[in-house]
>>> print(open('coords38.cif').read())   # mmCIF, C-alpha atoms
data_input
loop_
_atom_site.label_atom_id
_atom_site.label_comp_id
_atom_site.auth_asym_id
_atom_site.auth_seq_id
_atom_site.Cartn_x
_atom_site.Cartn_y
_atom_site.Cartn_z
CA CYS A 1349 31.72 5.92 -25.77
CA GLY A 1350 34.43 5.69 -23.12
CA PHE A 1351 36.27 8.42 -21.25
CA THR A 1352 39.59 9.32 -19.61
CA LEU A 1353 39.48 11.25 -16.34
CA GLU A 1354 42.22 12.89 -14.27
CA VAL A 1355 41.78 12.72 -10.47
CA THR A 1356 44.19 14.01 -7.83
CA HIS A 1357 43.89 11.79 -4.76
CA LEU A 1358 43.90 13.12 -1.19
CA ASP A 1359 47.43 11.78 -0.73
CA GLY A 1360 48.67 13.66 -3.79
CA ARG A 1361 48.76 10.73 -6.21
CA LYS A 1362 47.63 11.40 -9.75
CA LEU A 1363 45.06 8.89 -10.96
CA LEU A 1364 44.36 8.56 -14.66
CA ILE A 1365 41.00 6.79 -14.79
CA LYS A 1366 39.65 5.41 -18.03
CA THR A 1367 37.13 2.91 -19.33
CA SER A 1368 37.97 -0.39 -20.94
CA PRO A 1369 38.28 -0.48 -24.75
CA GLY A 1370 34.85 -0.65 -26.34
CA GLU A 1371 33.01 -0.07 -23.06
CA ILE A 1372 29.72 1.86 -23.21
CA VAL A 1373 29.01 4.37 -20.44
CA LYS A 1374 25.30 4.54 -19.69
CA PRO A 1375 23.52 7.25 -17.67
CA MET A 1376 22.42 6.29 -14.16
CA ALA A 1377 18.97 4.76 -13.93
CA GLN A 1378 16.18 7.31 -13.81
CA GLY A 1379 15.09 7.98 -10.23
CA PHE A 1380 18.33 6.74 -8.62
CA ASP A 1381 20.23 9.36 -6.64
CA PRO A 1382 23.26 7.97 -4.78
CA LEU A 1383 23.44 11.14 -2.66
CA SER A 1384 19.81 10.97 -1.54
CA LYS A 1385 19.17 10.42 2.15
CA ASP A 1386 16.63 7.75 1.24
CA GLU A 1387 19.25 5.60 -0.49
CA GLY A 1388 20.54 2.90 1.80
CA LYS A 1389 17.33 2.65 3.79
CA THR A 1390 15.81 -0.78 4.22
CA ASP A 1391 13.09 -1.72 1.74
CA TRP A 1392 10.28 -3.98 2.91
CA GLU A 1393 8.16 -6.47 1.03
CA VAL A 1394 4.55 -6.77 2.19
CA ILE A 1395 2.87 -10.18 2.49
CA GLU A 1396 -0.74 -9.98 3.65
CA ASP A 1397 -2.59 -12.66 5.66
CA ALA A 1398 0.67 -14.32 6.67
CA ASP A 1399 2.82 -14.89 9.77
CA CYS A 1400 5.99 -16.78 10.67
CA PRO A 1401 5.20 -18.25 14.10
CA GLY A 1402 8.16 -20.61 13.97
CA ILE A 1403 10.57 -17.69 14.45
CA ASP A 1404 10.89 -16.25 17.96
CA THR A 1405 9.76 -12.70 18.66
CA VAL A 1406 12.65 -10.60 19.97
CA ALA A 1407 10.67 -7.41 20.61
CA GLN A 1408 7.10 -6.09 20.52
CA ALA A 1409 5.52 -2.70 19.91
CA GLU A 1410 2.06 -1.57 20.99
CA THR A 1411 1.43 0.22 17.71
CA THR A 1412 0.44 -0.76 14.19
CA ASP A 1413 1.78 2.34 12.46
CA VAL A 1414 3.99 0.82 9.77
CA GLU A 1415 6.27 3.84 9.23
CA THR A 1416 6.97 4.05 12.97
CA LEU A 1417 7.78 0.34 13.04
CA LYS A 1418 10.13 0.61 10.07
CA LYS A 1419 11.95 3.48 11.73
CA ALA A 1420 12.28 1.46 14.95
CA CYS A 1421 13.97 -1.34 13.00
CA GLU A 1422 16.60 1.05 11.65
CA THR A 1423 17.19 3.01 14.87
CA GLN A 1424 16.25 1.70 18.32
CA LEU A 1425 16.46 -2.01 17.59
CA LYS A 1426 19.60 -1.72 15.47
CA ARG A 1427 21.34 0.20 18.28
CA LYS A 1428 20.56 -2.75 20.56
CA GLY A 1429 22.22 -5.12 18.09
CA ILE A 1430 18.94 -6.53 16.76
CA ASP A 1431 18.79 -6.92 12.98
CA VAL A 1432 15.12 -7.35 12.19
CA GLY A 1433 14.49 -9.52 9.15
CA VAL A 1434 10.70 -9.42 9.45
CA PHE A 1435 8.02 -7.87 11.62
CA VAL A 1436 4.40 -8.98 11.80
CA VAL A 1437 1.44 -6.67 12.45
CA ASP A 1438 -1.68 -8.47 13.72
CA GLY A 1439 -4.04 -5.53 14.09
CA GLN A 1440 -3.22 -4.84 17.76
CA ARG A 1441 0.57 -4.86 18.00
CA ALA A 1442 3.75 -5.64 16.09
CA HIS A 1443 6.16 -8.53 16.60
CA PHE A 1444 9.80 -8.09 15.56
CA LYS A 1445 11.79 -11.15 14.57
CA GLN A 1446 15.53 -11.45 14.00
CA CYS A 1447 16.23 -13.68 11.01
CA SER A 1448 17.30 -13.69 7.40
CA ARG A 1449 14.92 -13.16 4.50
CA GLU A 1450 15.26 -16.82 3.53
CA GLU A 1451 14.41 -18.01 7.07
CA ALA A 1452 11.33 -15.76 7.18
CA LEU A 1453 10.04 -17.03 3.85
CA ALA A 1454 10.63 -20.64 4.87
CA ALA A 1455 8.65 -20.13 8.10
CA LYS A 1456 5.76 -18.26 6.44
CA LYS A 1457 2.30 -19.59 7.34
CA PRO A 1458 -1.19 -18.34 6.39
CA ARG A 1459 -2.83 -16.26 9.11
CA LYS A 1460 -5.90 -14.15 8.43
CA GLY A 1461 -5.58 -10.53 9.53
CA SER A 1462 -1.80 -10.54 9.96
CA THR A 1463 0.65 -8.83 7.66
CA MET A 1464 4.33 -9.68 7.28
CA TYR A 1465 6.84 -6.96 6.46
CA ILE A 1466 9.93 -8.76 5.28
CA VAL A 1467 13.29 -7.32 4.26
CA SER A 1468 13.35 -7.04 0.47
CA ASP A 1469 15.77 -9.03 -1.64
CA PRO A 1470 18.95 -6.87 -1.58
CA SER A 1471 19.95 -8.03 -5.05
CA ALA A 1472 16.58 -7.18 -6.64
CA GLN A 1473 17.65 -3.59 -7.42
CA LYS A 1474 21.32 -4.41 -8.00
CA ASP A 1475 21.34 -3.51 -11.69
CA PHE A 1476 19.41 -0.32 -10.92
CA ARG A 1477 22.15 0.88 -8.53
CA MET A 1478 25.24 0.11 -10.64
CA MET A 1479 27.79 2.94 -10.96
CA LYS A 1480 31.28 3.30 -12.42
CA ALA A 1481 33.95 2.97 -9.70
CA VAL A 1482 37.67 2.42 -9.12
CA LYS A 1483 38.18 -0.42 -6.67
CA GLY A 1484 40.30 0.34 -3.61
CA GLU A 1485 40.93 4.01 -4.41
CA GLY A 1486 38.29 5.64 -2.23
CA MET A 1487 38.53 7.27 1.20
CA PRO A 1488 40.79 5.70 3.84
CA THR A 1489 39.09 3.64 6.53
CA TYR A 1490 38.63 5.20 9.96
CA LYS A 1491 41.50 4.15 12.29
CA ASN A 1492 42.93 2.02 9.49
CA PRO A 1493 44.21 4.48 6.86
CA PHE A 1494 45.99 1.83 4.81
CA VAL A 1495 42.65 0.23 3.87
CA HIS A 1496 40.69 2.28 1.33
CA GLY A 1497 37.11 2.07 0.16
CA ASN A 1498 36.05 2.30 -3.46
CA LEU A 1499 36.04 5.51 -5.50
CA PHE A 1500 32.61 5.95 -7.12
CA LEU A 1501 32.29 8.31 -10.06
CA ILE A 1502 29.26 10.54 -10.58
CA LEU A 1503 29.39 11.34 -14.27
CA THR A 1504 27.55 14.13 -16.07
CA ILE A 1505 26.87 13.11 -19.66
CA GLU A 1506 26.05 16.01 -21.97
CA PHE A 1507 24.28 15.13 -25.20
CA PRO A 1508 24.44 17.41 -28.27
CA GLU A 1509 21.35 19.46 -29.02
CA GLN A 1510 21.32 18.18 -32.59
CA LEU A 1511 23.39 16.21 -35.09
CA ALA A 1512 23.80 16.55 -38.81
CA PRO A 1513 21.92 13.86 -40.78
CA GLU A 1514 25.25 12.45 -42.00
CA ALA A 1515 26.50 12.05 -38.42
CA GLN A 1516 23.22 10.41 -37.40
CA ARG A 1517 23.52 7.89 -40.21
CA ALA A 1518 27.12 7.15 -39.24
CA ILE A 1519 26.20 6.56 -35.58
CA ARG A 1520 23.15 4.49 -36.53
CA SER A 1521 25.36 2.19 -38.58
CA LEU A 1522 27.33 1.33 -35.41
CA LEU A 1523 24.30 0.64 -33.23
CA PRO A 1524 22.08 -2.46 -33.00
CA PRO A 1525 18.86 -2.30 -35.03
CA PRO A 1526 15.92 -0.42 -33.46
CA LEU A 1527 13.49 -2.39 -31.28
CA GLN A 1528 10.54 -1.06 -33.24
CA ARG A 1529 10.61 -0.77 -37.01
CA PRO A 1530 7.85 1.33 -38.61
CA THR A 1531 5.71 -0.44 -41.20
CA TRP A 1532 3.77 2.64 -42.36
CA LYS A 1533 5.06 4.79 -45.20
CA GLU A 1534 5.09 8.58 -44.87
CA ASP A 1535 3.11 8.89 -48.10
CA GLY A 1536 0.75 6.05 -47.17
CA GLU A 1537 -3.00 6.54 -47.24
CA GLY A 1538 -4.33 8.01 -43.99
CA VAL A 1539 -0.83 8.48 -42.52
CA GLU A 1540 -0.08 11.78 -40.77
CA VAL A 1541 3.56 12.75 -40.19
CA HIS A 1542 4.38 14.77 -37.06
CA GLN A 1543 7.62 16.09 -35.57
CA VAL A 1544 8.41 15.90 -31.85
CA MET A 1545 9.49 18.98 -29.87
CA ASP A 1546 10.63 19.81 -26.34
CA MET A 1547 7.74 20.70 -24.03
CA ASP A 1548 7.30 21.25 -20.29
CA PRO A 1549 4.53 18.88 -19.09
CA VAL A 1550 3.81 21.08 -16.04
CA LEU A 1551 3.27 24.19 -18.17
CA SER A 1552 1.23 22.14 -20.62
CA GLN A 1553 -1.07 20.95 -17.83
CA GLN A 1554 -1.45 24.48 -16.46
CA ALA A 1555 -2.25 25.89 -19.89
CA ASN A 1556 -4.89 23.23 -20.41
CA LYS A 1557 -6.70 24.00 -17.14
CA VAL A 1558 -8.86 26.55 -18.93
CA ASN A 1559 -9.99 23.95 -21.44
CA MET A 1560 -10.70 21.41 -18.72
CA SER A 1561 -12.63 23.98 -16.66
CA SER A 1562 -14.80 25.11 -19.56
CA GLY A 1563 -15.43 21.49 -20.48
CA GLY A 1564 -16.58 20.78 -16.95
CA GLU A 1565 -18.99 23.73 -16.98
CA ALA A 1566 -20.48 22.63 -20.26
CA TYR A 1567 -20.87 19.13 -18.88
CA ASP A 1568 -22.58 20.44 -15.73
CA GLU A 1569 -25.22 22.19 -17.80
CA GLU A 1570 -26.31 18.92 -19.37
CA GLU A 1571 -28.65 17.91 -16.57
CA ASP A 1572 -31.85 16.05 -17.07
CA GLU A 1573 -35.09 16.83 -15.30
CA GLY A 1574 -34.23 14.54 -12.41
CA GLY A 1575 -31.06 16.47 -11.63
CA GLN A 1576 -28.81 13.62 -12.74
CA ARG A 1577 -25.62 14.55 -14.57
CA GLY A 1578 -23.81 12.62 -17.22
CA PRO A 1579 -24.19 8.94 -18.03
CA GLY A 1580 -24.99 6.68 -15.14
CA GLY A 1581 -26.98 9.09 -12.98
CA GLY A 1582 -26.14 11.28 -10.01
CA GLY A 1583 -22.94 11.43 -8.03
CA VAL A 1584 -22.11 11.15 -4.34
CA GLN A 1585 -23.30 14.05 -2.22
CA CYS A 1586 -21.27 15.24 0.75
CA HIS A 1587 -22.71 17.02 3.77
CA GLN A 1588 -20.70 18.99 6.27
CA GLN A 1589 -21.48 18.07 9.85
#
>>> encode(input="coords38.cif", output="structure tokens")
Amino acid sequence: CGFTLEVTHLDGRKLLIKTSPGEIVKPMAQGFDPLSKDEGKTDWEVIEDADCPGIDTVAQAETTDVETLKKACETQLKRKGIDVGVFVVDGQRAHFKQCSREEALAAKKPRKGSTMYIVSDPSAQKDFRMMKAVKGEGMPTYKNPFVHGNLFLILTIEFPEQLAPEAQRAIRSLLPPPLQRPTWKEDGEGVEVHQVMDMDPVLSQQANKVNMSSGGEAYDEEEDEGGQRGPGGGGVQCHQQ
């Protein structure tokens, strides 16, 4: 369902924000947090045994630590005006190259032992990041207060704990058919009917530790004369040095 929202702007204007008729408001994708510090960081696609020798190297690093190299792309090199589109690690050092994703892919050549780290397709996660927004009604631009950004809305959608069966039937009549239709009958032979409930998976795992521990002890006791445990023989032995 849609919504109507009252927002008082920084300049005192009263904004009445609402959705279009018939528009469905969906929750944000699971795992996406627009306020997270990790959002906005560059994502990298890994291509093993490949290089792009046709693109000039603009900088080198005497390290092969990938996380350090990624950080250098977003800090030191960016401050110098270098936008790295790909960097190549050859086992001894890293080579940074300034180019677009398309240019890096076009120049890609097989090279054993080298790994390309190429800027990911920025539109690949576009649908994942979509949010409701009001165009041109965000914060004013620094040193240019007449130009505004966009006003993004972080919505909290509260679902009812339960609905009466009549209300469920009414809502179901307005929705598309379910993706999976059951073919078993509740009174069918061999069919067991169960009800779902709310459970905490962490507490469930902790409560089951006792069962897993006792099962392990019972399994340990089943040793044959050769000292081998379980199917397939003995396990790896570790020695402290």
>>> resolve_selection(input="coords38.cif", expression="the PyMOL selection byres ((chain A and resi 1431) around 8)", output="list in words")
Cys1421, Leu1425, Lys1426, Gly1429, Ile1430, Val1432, Gly1433, Gln1446 and Cys1447 of chain A
>>> residues_around(input="coords38.cif", residues="A:Arg1459", least_positions_apart="6", cutoff="7 Å", atoms="all atoms listed in the file", output="PDB file with C-alpha atoms, in the coordinates of the input")
ATOM      1  CA  ASP A1397      -2.590 -12.660   5.660  1.00  0.00           C
ATOM      2  CA  ALA A1398       0.670 -14.320   6.670  1.00  0.00           C
ATOM      3  CA  ASP A1399       2.820 -14.890   9.770  1.00  0.00           C
TER       4      ASP A1399
END
>>> atom_distance(input="coords38.cif", atom1="atom CA of A:Gly1461", atom2="atom CA of A:Thr1411")
15.2 Å
>>> atom_distance(input="coords38.cif", atom1="atom CA of A:Leu1503", atom2="atom CA of A:Leu1364")
15.2 Å
>>> closest_residue(input="coords38.cif", among="A:Asp1391, A:Gly1497, A:Glu1540, A:Lys1366", to="A:Ser1471", atoms="only C-alpha atoms")
A:Asp1391
>>> closest_residue(input="coords38.cif", among="A:Val1414, A:Val1406, A:Ala1455, A:Ala1515", to="A:Asp1438", atoms="only C-alpha atoms")
A:Val1414
>>> closest_residue(input="coords38.cif", among="A:Glu1450, A:Glu1410, A:Asp1546, A:Asp1535", to="A:Pro1470", atoms="all atoms listed in the file")
A:Glu1450
>>> resolve_selection(input="coords38.cif", expression="the PyMOL selection byres ((chain A and resi 1375) around 8)", output="list in words")
Val1373, Lys1374, Met1376, Ala1377, Leu1503 and Ile1505 of chain A
>>> atom_distance(input="coords38.cif", atom1="atom CA of A:Leu1363", atom2="atom CA of A:Glu1506")
23.1 Å
>>> residues_near_point(input="coords38.cif", point="(-1.4, -5.9, 19.7)", cutoff="9 Å", atoms="all atoms listed in the file", output="number ranges by chain")
A: 1408-1412, 1437-1443
>>> build_atoms(input="coords38.cif", residues="stretch 1408-1419 of chain A", atoms="all heavy atoms", output="mmCIF file, in the coordinates of the input")
data_model
loop_
_atom_site.group_PDB
_atom_site.id
_atom_site.type_symbol
_atom_site.label_atom_id
_atom_site.label_comp_id
_atom_site.auth_asym_id
_atom_site.auth_seq_id
_atom_site.Cartn_x
_atom_site.Cartn_y
_atom_site.Cartn_z
ATOM 1 N N GLN A 1408 8.477 -6.399 20.877
ATOM 2 C CA GLN A 1408 7.100 -6.090 20.520
ATOM 3 C C GLN A 1408 6.882 -4.576 20.592
ATOM 4 O O GLN A 1408 7.606 -3.872 21.284
ATOM 5 C CB GLN A 1408 6.113 -6.789 21.453
ATOM 6 C CG GLN A 1408 5.979 -8.263 21.236
ATOM 7 C CD GLN A 1408 4.838 -8.856 22.038
ATOM 8 O OE1 GLN A 1408 4.451 -9.998 21.832
ATOM 9 N NE2 GLN A 1408 4.271 -8.105 22.966
ATOM 10 N N ALA A 1409 5.887 -4.117 19.876
ATOM 11 C CA ALA A 1409 5.520 -2.700 19.910
ATOM 12 C C ALA A 1409 4.001 -2.604 19.963
ATOM 13 O O ALA A 1409 3.299 -3.323 19.242
ATOM 14 C CB ALA A 1409 6.056 -1.966 18.689
ATOM 15 N N GLU A 1410 3.501 -1.737 20.841
ATOM 16 C CA GLU A 1410 2.060 -1.570 20.990
ATOM 17 C C GLU A 1410 1.541 -0.513 20.006
ATOM 18 O O GLU A 1410 0.822 0.411 20.387
ATOM 19 C CB GLU A 1410 1.730 -1.158 22.426
ATOM 20 C CG GLU A 1410 2.148 -2.167 23.468
ATOM 21 C CD GLU A 1410 1.458 -3.523 23.274
ATOM 22 O OE1 GLU A 1410 0.259 -3.538 22.926
ATOM 23 O OE2 GLU A 1410 2.117 -4.565 23.474
ATOM 24 N N THR A 1411 1.913 -0.656 18.764
ATOM 25 C CA THR A 1411 1.430 0.220 17.710
ATOM 26 C C THR A 1411 1.383 -0.572 16.412
ATOM 27 O O THR A 1411 2.111 -1.567 16.250
ATOM 28 C CB THR A 1411 2.344 1.454 17.529
ATOM 29 O OG1 THR A 1411 1.817 2.273 16.461
ATOM 30 C CG2 THR A 1411 3.758 1.049 17.165
ATOM 31 N N THR A 1412 0.527 -0.119 15.507
ATOM 32 C CA THR A 1412 0.440 -0.760 14.190
ATOM 33 C C THR A 1412 0.807 0.224 13.077
ATOM 34 O O THR A 1412 0.573 -0.075 11.912
ATOM 35 C CB THR A 1412 -0.977 -1.308 13.955
ATOM 36 O OG1 THR A 1412 -1.927 -0.227 14.048
ATOM 37 C CG2 THR A 1412 -1.336 -2.379 14.975
ATOM 38 N N ASP A 1413 1.358 1.373 13.455
ATOM 39 C CA ASP A 1413 1.780 2.340 12.460
ATOM 40 C C ASP A 1413 3.045 1.833 11.768
ATOM 41 O O ASP A 1413 4.120 1.743 12.379
ATOM 42 C CB ASP A 1413 2.053 3.701 13.120
ATOM 43 C CG ASP A 1413 2.416 4.753 12.091
ATOM 44 O OD1 ASP A 1413 1.512 5.261 11.415
ATOM 45 O OD2 ASP A 1413 3.622 5.052 11.958
ATOM 46 N N VAL A 1414 2.920 1.508 10.505
ATOM 47 C CA VAL A 1414 3.990 0.820 9.770
ATOM 48 C C VAL A 1414 5.247 1.675 9.661
ATOM 49 O O VAL A 1414 6.369 1.180 9.838
ATOM 50 C CB VAL A 1414 3.491 0.380 8.383
ATOM 51 C CG1 VAL A 1414 4.629 -0.228 7.571
ATOM 52 C CG2 VAL A 1414 2.355 -0.618 8.519
ATOM 53 N N GLU A 1415 5.095 2.977 9.376
ATOM 54 C CA GLU A 1415 6.270 3.840 9.230
ATOM 55 C C GLU A 1415 7.038 3.953 10.539
ATOM 56 O O GLU A 1415 8.271 3.974 10.549
ATOM 57 C CB GLU A 1415 5.847 5.224 8.731
ATOM 58 C CG GLU A 1415 5.296 5.232 7.314
ATOM 59 C CD GLU A 1415 6.248 4.612 6.306
ATOM 60 O OE1 GLU A 1415 7.459 4.924 6.375
ATOM 61 O OE2 GLU A 1415 5.796 3.812 5.464
ATOM 62 N N THR A 1416 6.321 4.012 11.661
ATOM 63 C CA THR A 1416 6.970 4.050 12.970
ATOM 64 C C THR A 1416 7.733 2.756 13.231
ATOM 65 O O THR A 1416 8.851 2.766 13.763
ATOM 66 C CB THR A 1416 5.937 4.282 14.077
ATOM 67 O OG1 THR A 1416 5.273 5.533 13.841
ATOM 68 C CG2 THR A 1416 6.590 4.313 15.453
ATOM 69 N N LEU A 1417 7.140 1.639 12.836
ATOM 70 C CA LEU A 1417 7.780 0.340 13.040
ATOM 71 C C LEU A 1417 9.029 0.192 12.177
ATOM 72 O O LEU A 1417 10.052 -0.337 12.626
ATOM 73 C CB LEU A 1417 6.778 -0.776 12.733
ATOM 74 C CG LEU A 1417 5.526 -0.821 13.635
ATOM 75 C CD1 LEU A 1417 4.503 -1.799 13.089
ATOM 76 C CD2 LEU A 1417 5.918 -1.183 15.063
ATOM 77 N N LYS A 1418 8.958 0.674 10.945
ATOM 78 C CA LYS A 1418 10.130 0.610 10.070
ATOM 79 C C LYS A 1418 11.277 1.442 10.638
ATOM 80 O O LYS A 1418 12.439 1.019 10.626
ATOM 81 C CB LYS A 1418 9.771 1.115 8.668
ATOM 82 C CG LYS A 1418 8.854 0.192 7.875
ATOM 83 C CD LYS A 1418 8.538 0.805 6.525
ATOM 84 C CE LYS A 1418 7.614 -0.094 5.708
ATOM 85 N NZ LYS A 1418 7.270 0.518 4.396
ATOM 86 N N LYS A 1419 10.927 2.617 11.146
ATOM 87 C CA LYS A 1419 11.950 3.480 11.730
ATOM 88 C C LYS A 1419 12.575 2.842 12.959
ATOM 89 O O LYS A 1419 13.790 2.947 13.190
ATOM 90 C CB LYS A 1419 11.333 4.836 12.096
ATOM 91 C CG LYS A 1419 12.342 5.868 12.561
ATOM 92 C CD LYS A 1419 11.690 7.218 12.793
ATOM 93 C CE LYS A 1419 12.718 8.243 13.250
ATOM 94 N NZ LYS A 1419 12.097 9.579 13.470
#
